[in-house]
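**Q** Got a file for you: model.txt, compact mmCIF, C-alpha atoms.
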```
# COMPACT_ATOMS: atom_id res chain seq x y z
CA MET C 4 83.58 190.57 85.11
CA ALA C 5 85.33 192.96 87.50
CA ARG C 6 88.20 195.06 86.14
CA ASN C 7 91.23 196.16 88.16
CA LEU C 8 93.17 199.38 87.88
CA ASP C 9 96.95 199.12 87.65
CA LEU C 10 98.54 200.79 90.69
CA THR C 11 101.78 201.36 88.77
CA SER C 12 99.90 203.45 86.22
CA LEU C 13 98.07 205.29 88.99
CA ARG C 14 101.37 206.13 90.68
CA ALA C 15 102.81 207.40 87.40
CA PHE C 16 99.71 209.59 86.89
CA VAL C 17 99.88 211.11 90.39
CA THR C 18 103.64 211.65 90.18
CA VAL C 19 103.37 213.43 86.82
CA VAL C 20 100.76 215.78 88.25
CA ASN C 21 102.77 216.41 91.43
CA ALA C 22 106.02 216.97 89.52
CA GLY C 23 104.41 219.13 86.84
CA GLY C 24 105.44 217.00 83.87
CA VAL C 25 106.69 213.68 82.56
CA THR C 26 110.36 214.71 82.52
CA LYS C 27 110.60 215.43 86.25
CA ALA C 28 108.30 212.54 87.15
CA SER C 29 110.57 210.07 85.34
CA GLY C 30 113.39 210.94 87.74
CA PHE C 31 111.22 210.39 90.81
CA LEU C 32 109.95 207.06 89.45
CA ASN C 33 113.36 205.87 88.18
CA LEU C 34 111.80 205.23 84.76
CA THR C 35 112.46 206.59 81.29
CA GLN C 36 110.18 209.32 79.98
CA SER C 37 108.77 206.94 77.40
CA ALA C 38 107.95 204.39 80.11
CA VAL C 39 106.09 207.03 82.13
CA SER C 40 104.18 208.16 79.03
CA MET C 41 103.25 204.53 78.36
CA GLN C 42 101.88 204.18 81.89
CA LEU C 43 99.68 207.25 81.36
CA LYS C 44 98.46 205.90 78.04
CA ARG C 45 97.69 202.54 79.63
CA LEU C 46 95.62 204.21 82.36
CA GLU C 47 93.65 206.31 79.86
CA GLU C 48 92.97 203.25 77.71
CA ALA C 49 91.83 201.24 80.74
CA LEU C 50 89.37 203.97 81.67
CA ASP C 51 88.57 205.00 78.08
CA VAL C 52 88.96 208.69 79.03
CA SER C 53 91.39 211.57 78.45
CA LEU C 54 93.06 212.63 81.69
CA PHE C 55 95.12 215.51 80.23
CA ASP C 56 94.17 218.41 78.00
CA ARG C 57 96.77 218.08 75.27
CA SER C 58 95.65 221.16 73.34
CA THR C 59 97.97 223.37 75.44
CA ARG C 60 101.69 223.20 76.15
CA LYS C 61 101.09 223.55 79.90
CA LEU C 62 100.21 220.41 81.85
CA THR C 63 96.45 220.68 82.40
CA LEU C 64 94.03 218.06 83.67
CA THR C 65 90.65 217.55 82.09
CA GLY C 66 87.60 217.54 84.36
CA THR C 67 87.75 213.75 84.37
CA GLY C 68 91.47 213.91 85.15
CA GLU C 69 90.85 216.12 88.17
CA GLN C 70 88.26 213.66 89.44
CA MET C 71 90.57 210.71 88.80
CA LEU C 72 93.43 212.41 90.66
CA GLY C 73 91.45 212.37 93.90
CA TYR C 74 90.60 208.69 93.51
CA ALA C 75 94.18 207.80 92.57
CA ARG C 76 95.68 209.55 95.57
CA ARG C 77 93.30 207.77 97.95
CA MET C 78 94.03 204.38 96.40
CA LEU C 79 97.80 204.88 96.59
CA GLU C 80 97.62 206.14 100.17
CA LEU C 81 95.72 202.99 101.19
CA ASN C 82 98.15 200.76 99.28
CA ASP C 83 101.16 202.46 100.88
CA GLU C 84 99.58 202.35 104.33
CA VAL C 85 99.01 198.59 104.07
CA LEU C 86 102.57 197.93 102.91
CA GLY C 87 104.03 200.30 105.48
CA ARG C 88 102.18 198.85 108.45
CA LEU C 89 102.54 195.19 107.58
CA THR C 90 106.02 195.02 106.08
CA ALA C 91 108.05 198.00 107.36
CA ASN C 92 111.16 197.56 109.48
CA GLU C 93 110.74 198.66 113.07
CA TYR C 94 112.58 201.94 112.71
CA GLU C 95 111.27 204.69 114.95
CA GLY C 96 112.58 208.15 115.67
CA GLU C 97 112.96 211.61 114.18
CA ILE C 98 115.15 213.14 111.50
CA ASN C 99 115.73 216.88 111.44
CA LEU C 100 115.90 218.09 107.84
CA GLY C 101 116.68 221.72 107.04
CA VAL C 102 115.65 223.21 103.69
CA PRO C 103 115.38 226.83 102.49
CA GLY C 104 111.74 227.56 101.68
CA ASP C 105 112.51 228.63 98.11
CA ILE C 106 113.78 225.19 97.03
CA VAL C 107 111.13 223.02 98.68
CA TYR C 108 109.21 222.72 95.41
CA PRO C 109 108.92 220.73 93.28
CA ALA C 110 111.20 217.95 94.61
CA LEU C 111 110.70 217.72 98.35
CA PRO C 112 106.98 216.78 98.64
CA GLU C 113 107.56 213.67 96.52
CA VAL C 114 110.72 212.84 98.48
CA LEU C 115 108.95 213.04 101.83
CA GLN C 116 106.00 211.04 100.57
CA ARG C 117 108.26 208.22 99.37
CA PHE C 118 110.24 208.27 102.62
CA ASN C 119 107.06 208.06 104.70
CA THR C 120 105.96 205.03 102.69
CA ALA C 121 109.24 203.23 103.36
CA TYR C 122 109.59 204.33 107.01
CA PRO C 123 106.11 205.10 108.37
CA ARG C 124 107.28 205.18 112.00
CA MET C 125 110.00 207.74 111.34
CA LYS C 126 109.11 211.42 111.69
CA VAL C 127 110.80 214.07 109.58
CA HIS C 128 110.96 217.41 111.35
CA LEU C 129 111.32 220.07 108.65
CA LEU C 130 113.35 223.19 109.45
CA SER C 131 112.60 225.92 106.94
CA MET C 132 114.93 228.90 107.08
CA GLY C 133 117.62 230.62 105.04
CA THR C 134 120.95 229.02 104.20
CA LEU C 135 123.00 231.03 106.70
CA ASN C 136 120.67 230.15 109.58
CA LEU C 137 120.55 226.51 108.50
CA LYS C 138 124.34 226.24 108.48
CA THR C 139 124.45 227.76 111.95
CA ALA C 140 121.85 225.28 113.22
CA PHE C 141 123.74 222.43 111.53
CA ALA C 142 126.99 223.46 113.23
CA ARG C 143 125.19 223.36 116.59
CA GLY C 144 124.00 219.81 115.89
CA GLU C 145 120.36 220.80 115.50
CA ALA C 146 119.90 219.16 112.07
CA ASP C 147 120.81 215.76 110.67
CA VAL C 148 120.70 216.87 107.02
CA ILE C 149 120.47 220.33 105.48
CA LEU C 150 120.11 221.63 101.95
CA THR C 151 121.59 225.00 101.09
CA THR C 152 121.68 227.47 98.21
CA GLU C 153 125.23 228.77 97.69
CA GLU C 154 127.67 229.91 95.06
CA ASN C 155 130.33 227.54 96.44
CA LEU C 156 130.47 224.20 98.26
CA ASP C 157 131.95 223.96 101.77
CA ARG C 158 133.97 221.02 103.01
CA GLY C 159 131.91 217.92 103.71
CA GLY C 160 129.08 218.91 101.40
CA GLU C 161 127.70 217.48 98.17
CA THR C 162 126.38 219.47 95.23
CA LEU C 163 123.02 218.11 94.10
CA LEU C 164 122.31 220.61 91.38
CA GLU C 165 123.80 223.72 89.83
CA ARG C 166 121.53 226.04 87.92
CA PRO C 167 121.44 229.70 86.92
CA MET C 168 119.30 232.13 88.83
CA VAL C 169 116.41 233.50 86.79
CA TRP C 170 114.00 236.40 87.09
CA ILE C 171 110.39 235.39 87.77
CA GLY C 172 107.13 237.30 87.62
CA ALA C 173 103.41 236.83 87.24
CA GLU C 174 102.01 234.89 84.31
CA GLU C 175 101.59 237.40 81.48
CA GLY C 176 102.93 240.02 83.91
CA GLN C 177 104.25 243.41 82.83
CA MET C 178 105.92 244.63 86.03
CA TRP C 179 109.40 243.66 84.79
CA LYS C 180 109.19 246.42 82.17
CA GLN C 181 108.67 249.18 84.76
CA ARG C 182 111.45 251.50 85.93
CA PRO C 183 112.42 251.74 88.66
CA LEU C 184 112.10 247.98 88.73
CA ARG C 185 109.95 246.82 91.64
CA LEU C 186 111.42 243.88 93.58
CA ALA C 187 110.16 241.46 96.23
CA PHE C 188 112.65 239.66 98.51
CA GLU C 189 112.95 238.29 102.01
CA GLY C 190 115.37 240.29 104.13
CA ALA C 191 117.83 237.40 104.55
CA CYS C 192 117.34 235.85 101.09
CA ILE C 193 120.68 234.67 99.71
CA PHE C 194 119.55 235.54 96.15
CA ARG C 195 118.97 239.17 97.06
CA GLY C 196 122.61 240.30 96.99
CA PRO C 197 123.51 238.81 93.58
CA ALA C 198 120.27 240.12 92.07
CA LEU C 199 120.82 243.68 93.29
CA ALA C 200 124.50 243.61 92.24
CA ALA C 201 123.51 242.51 88.74
CA LEU C 202 120.94 245.31 88.44
CA ASP C 203 123.41 247.92 89.69
CA ALA C 204 126.08 246.70 87.26
CA ALA C 205 123.57 246.97 84.40
CA GLY C 206 122.56 250.49 85.44
CA ILE C 207 118.92 249.51 86.04
CA SER C 208 117.17 251.51 88.74
CA TRP C 209 115.17 249.49 91.28
CA GLU C 210 113.16 249.76 94.46
CA MET C 211 112.34 247.16 97.11
CA ALA C 212 108.57 247.14 96.82
CA VAL C 213 108.04 244.11 99.07
CA GLU C 214 110.37 243.12 101.90
CA SER C 215 109.11 240.42 104.21
CA ASP C 216 110.24 237.62 106.52
CA SER C 217 107.65 235.41 104.82
CA LEU C 218 108.40 233.69 101.51
CA ARG C 219 104.64 233.29 101.02
CA THR C 220 104.23 237.08 101.05
CA VAL C 221 106.92 237.37 98.37
CA GLU C 222 105.25 234.68 96.24
CA VAL C 223 101.82 236.32 96.52
CA SER C 224 103.24 239.71 95.56
CA VAL C 225 104.98 238.25 92.51
CA SER C 226 101.93 236.27 91.37
CA ALA C 227 99.84 239.46 91.64
CA ASP C 228 102.33 241.28 89.34
CA LEU C 229 103.26 243.74 92.09
CA ALA C 230 106.98 242.97 91.83
CA ILE C 231 109.50 240.47 90.45
CA HIS C 232 111.83 238.06 92.22
CA ALA C 233 114.83 235.81 91.48
CA VAL C 234 115.10 232.07 92.10
CA ILE C 235 117.09 229.06 90.93
CA GLU C 236 115.84 227.92 87.54
CA GLY C 237 113.37 225.07 87.98
CA THR C 238 112.26 225.99 91.51
CA GLU C 239 109.76 228.72 90.61
CA SER C 240 106.37 228.47 92.33
CA PRO C 241 103.29 227.24 90.41
CA TYR C 242 101.86 230.78 90.35
CA SER C 243 104.82 232.47 88.67
CA MET C 244 106.87 232.02 85.53
CA ILE C 245 110.35 232.77 84.22
CA ILE C 246 110.44 236.20 82.60
CA GLN C 247 111.40 236.07 78.93
CA HIS C 248 113.04 239.50 78.94
CA ASN C 249 115.32 239.08 75.88
CA GLY C 250 118.21 240.88 77.57
CA ALA C 251 116.20 243.70 79.14
CA LEU C 252 117.20 242.34 82.56
CA PRO C 253 120.74 241.29 83.52
CA THR C 254 121.93 237.68 83.52
CA LEU C 255 122.20 236.25 87.02
CA PRO C 256 124.92 233.95 88.43
CA ARG C 257 124.73 230.19 88.83
CA ILE C 258 123.78 228.82 92.24
CA GLN C 259 124.39 225.40 93.75
CA ILE C 260 121.91 223.38 95.77
CA ASN C 261 124.18 221.61 98.24
CA MET C 262 123.52 218.93 100.84
CA TYR C 263 125.31 218.46 104.16
CA ARG C 264 124.87 215.44 106.42
CA SER C 265 125.92 215.22 110.04
CA ASP C 266 128.68 212.71 110.83
CA LEU C 267 126.57 211.59 113.79
CA SER C 268 123.57 210.61 111.63
CA VAL C 269 124.50 207.13 110.45
CA ALA C 270 121.20 205.22 110.73
CA GLU C 271 119.66 203.43 107.74
CA PRO C 272 116.62 205.77 107.53
CA VAL C 273 118.96 208.76 107.16
CA ASP C 274 120.79 206.91 104.35
CA ALA C 275 117.44 206.32 102.65
CA LEU C 276 116.34 209.93 103.03
CA VAL C 277 119.65 211.21 101.63
CA ASP C 278 119.32 208.89 98.62
CA LEU C 279 115.75 210.05 97.96
CA ILE C 280 116.84 213.69 98.18
CA ARG C 281 119.60 213.00 95.64
CA GLN C 282 117.12 211.37 93.28
CA GLY C 283 114.59 214.15 93.71
CA TYR C 284 116.94 217.03 92.97
CA HIS C 285 118.85 215.21 90.24
CA ALA C 286 115.48 214.72 88.52
CA LEU C 287 115.15 218.49 88.20
```
As a first step, turn the structure in this file into structure tokens.
**A**
Amino acid sequence: MARNLDLTSLRAFVTVVNAGGVTKASGFLNLTQSAVSMQLKRLEEALDVSLFDRSTRKLTLTGTGEQMLGYARRMLELNDEVLGRLTANEYEGEINLGVPGDIVYPALPEVLQRFNTAYPRMKVHLLSMGTLNLKTAFARGEADVILTTEENLDRGGETLLERPMVWIGAEEGQMWKQRPLRLAFEGACIFRGPALAALDAAGISWEMAVESDSLRTVEVSVSADLAIHAVIEGTESPYSMIIQHNGALPTLPRIQINMYRSDLSVAEPVDALVDLIRQGYHAL
């Protein structure tokens, strides 16, 4: 007798992997953590396999889990394509969404995937640049929705999340102990000023070892333990980690992730995208 896999459990599995854990995935799925864990257990029992290596604290897939992830993604894509093409409302057009590159992960990929499922004929044009440039573009009417990283909220905006900045470095890295402290930042990075001010106030000597217009260059340099960087807690890249410095580095200020929506963007798909963005960042 043929057996069927539960798509709800498959979606929970893929979302947990994409989000990096059950806690964040529960926000994306609008389920409790225990409900998500139950879906994972149900999938493992149905297959009679272990999908996760539970001998480590870090989320790690087993070999079977890695194989299953590919199958699960293909099955969900086909399911979503069928539903999107046969049941979607006839909304067509483009939404311009501006997001600083350093807060894209981990929330935005899941947000865009869910939006595409609901509105397959809508295109989201992603503008990736720093907060100051995004606010300029927004003022010129070049973006429907923007996310920003700021210490304060401007009129008409909405704070999605407020978190402290943290120092990040390579996994098991030692560069943070070196003096002068070697740093990696984009030239227009909004985190650069507060980070340098904190170091100067603490009397810690530093040098700008990596200065680039590319966030990817900064991330590679940090993951290679060539320098350290500062980000909003919870938005660090998969190849870096928060430095547990025990007071050897200064405490950094809190930063808001804010959202601004154009008064001219009143269509239902924009409403849906804004709601998904709220859910995604609140889940962090």
**Q** Could you give me, as a list of chain:residue names, the residues within 9 Å of C:Leu8, counting all atoms listed in the file and dropping anything in the same chain fewer than 3 positions from it?
**A**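 So, after excluding close chain neighbours, the residues are C:Thr11, C:Ser12, C:Leu13, C:Leu46, C:Ala49, C:Leu50.
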**Q** Write to file, as a tab-separated table (two decimals), keeping the file's coordinate frame, the residues of the selection just made, with C-alpha atoms.
**A**
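Done, and the output landed in part38.tsv:
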```tsv
chain	number	residue	atom	x	y	z
C	11	THR	CA	101.78	201.36	88.77
C	12	SER	CA	99.90	203.45	86.22
C	13	LEU	CA	98.07	205.29	88.99
C	46	LEU	CA	95.62	204.21	82.36
C	49	ALA	CA	91.83	201.24	80.74
C	50	LEU	CA	89.37	203.97	81.67
```
**Q** Residues near stretch 136-141 of chain C, anyone? I mean within 12 Å using only C-alpha atoms, not counting same-chain ones fewer than 5 positions away, as an mmCIF file with C-alpha atoms, in the frame of the given file.
**A**
```
data_model
loop_
_atom_site.group_PDB
_atom_site.id
_atom_site.type_symbol
_atom_site.label_atom_id
_atom_site.label_comp_id
_atom_site.auth_asym_id
_atom_site.auth_seq_id
_atom_site.Cartn_x
_atom_site.Cartn_y
_atom_site.Cartn_z
ATOM 1 C CA ASN C 99 115.730 216.880 111.440
ATOM 2 C CA LEU C 100 115.900 218.090 107.840
ATOM 3 C CA GLY C 101 116.680 221.720 107.040
ATOM 4 C CA VAL C 102 115.650 223.210 103.690
ATOM 5 C CA PRO C 103 115.380 226.830 102.490
ATOM 6 C CA GLY C 104 111.740 227.560 101.680
ATOM 7 C CA LEU C 129 111.320 220.070 108.650
ATOM 8 C CA LEU C 130 113.350 223.190 109.450
ATOM 9 C CA SER C 131 112.600 225.920 106.940
ATOM 10 C CA ALA C 146 119.900 219.160 112.070
ATOM 11 C CA ASP C 147 120.810 215.760 110.670
ATOM 12 C CA VAL C 148 120.700 216.870 107.020
ATOM 13 C CA ILE C 149 120.470 220.330 105.480
ATOM 14 C CA LEU C 150 120.110 221.630 101.950
ATOM 15 C CA THR C 151 121.590 225.000 101.090
ATOM 16 C CA THR C 152 121.680 227.470 98.210
ATOM 17 C CA GLU C 153 125.230 228.770 97.690
ATOM 18 C CA ASP C 157 131.950 223.960 101.770
ATOM 19 C CA GLY C 160 129.080 218.910 101.400
ATOM 20 C CA ALA C 191 117.830 237.400 104.550
ATOM 21 C CA CYS C 192 117.340 235.850 101.090
ATOM 22 C CA ILE C 193 120.680 234.670 99.710
ATOM 23 C CA ASN C 261 124.180 221.610 98.240
ATOM 24 C CA MET C 262 123.520 218.930 100.840
ATOM 25 C CA TYR C 263 125.310 218.460 104.160
ATOM 26 C CA ARG C 264 124.870 215.440 106.420
ATOM 27 C CA SER C 265 125.920 215.220 110.040
ATOM 28 C CA ASP C 266 128.680 212.710 110.830
ATOM 29 C CA LEU C 267 126.570 211.590 113.790
ATOM 30 C CA SER C 268 123.570 210.610 111.630
#
```
**Q** Quick one: residues within 12 Å of (120.4, 206.6, 108.2) (file frame), counting all atoms listed in the file, please, as a short mmCIF file (atom, residue, chain, number, x, y, z; two decimals) with C-alpha atoms, in the frame of the given file.
**A**
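Written out: result-v8.cif:
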```cif
data_model
loop_
_atom_site.label_atom_id
_atom_site.label_comp_id
_atom_site.auth_asym_id
_atom_site.auth_seq_id
_atom_site.Cartn_x
_atom_site.Cartn_y
_atom_site.Cartn_z
CA TYR C 94 112.58 201.94 112.71
CA GLU C 95 111.27 204.69 114.95
CA GLY C 96 112.58 208.15 115.67
CA GLU C 97 112.96 211.61 114.18
CA ILE C 98 115.15 213.14 111.50
CA ASN C 99 115.73 216.88 111.44
CA PHE C 118 110.24 208.27 102.62
CA TYR C 122 109.59 204.33 107.01
CA MET C 125 110.00 207.74 111.34
CA ASP C 147 120.81 215.76 110.67
CA VAL C 148 120.70 216.87 107.02
CA ARG C 264 124.87 215.44 106.42
CA SER C 265 125.92 215.22 110.04
CA ASP C 266 128.68 212.71 110.83
CA LEU C 267 126.57 211.59 113.79
CA SER C 268 123.57 210.61 111.63
CA VAL C 269 124.50 207.13 110.45
CA ALA C 270 121.20 205.22 110.73
CA GLU C 271 119.66 203.43 107.74
CA PRO C 272 116.62 205.77 107.53
CA VAL C 273 118.96 208.76 107.16
CA ASP C 274 120.79 206.91 104.35
CA ALA C 275 117.44 206.32 102.65
CA LEU C 276 116.34 209.93 103.03
CA VAL C 277 119.65 211.21 101.63
CA ASP C 278 119.32 208.89 98.62
CA LEU C 279 115.75 210.05 97.96
#
```
**Q** Provide the atom CA of C:Ser243 to atom CA of C:Val107 distance in Å, to one decimal place.
**A**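 Interatomic distance here is 15.1 Å.
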**Q** Between atom CA of C:Lys27 and atom CA of C:Ala286, what is the distance in Å, rounded to a tenth?
**A**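 Computed distance, atom CA of C:Lys27 to atom CA of C:Ala286, equals 5.4 Å.
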**Q** For the atom pair atom CA of C:Val19 and atom CA of C:Glu84, what is the interatomic distance in Å to one decimal place?
**A** 21.1 Å
**Q** From the list C:Gly206, C:Thr18, C:Gly176, C:Leu229, which residue is nearest C:Pro112 when using only C-alpha atoms?
**A**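 Using only C-alpha atoms, the shortest distance to C:Pro112 belongs to C:Thr18.
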**Q** Find, counting all atoms listed in the file, the residue in C:Val17, C:Val223, C:Leu54, C:Ile235 that gets nearest to C:Gly73.
**A**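 Among the listed residues, the smallest separation from C:Gly73 belongs to C:Val17.
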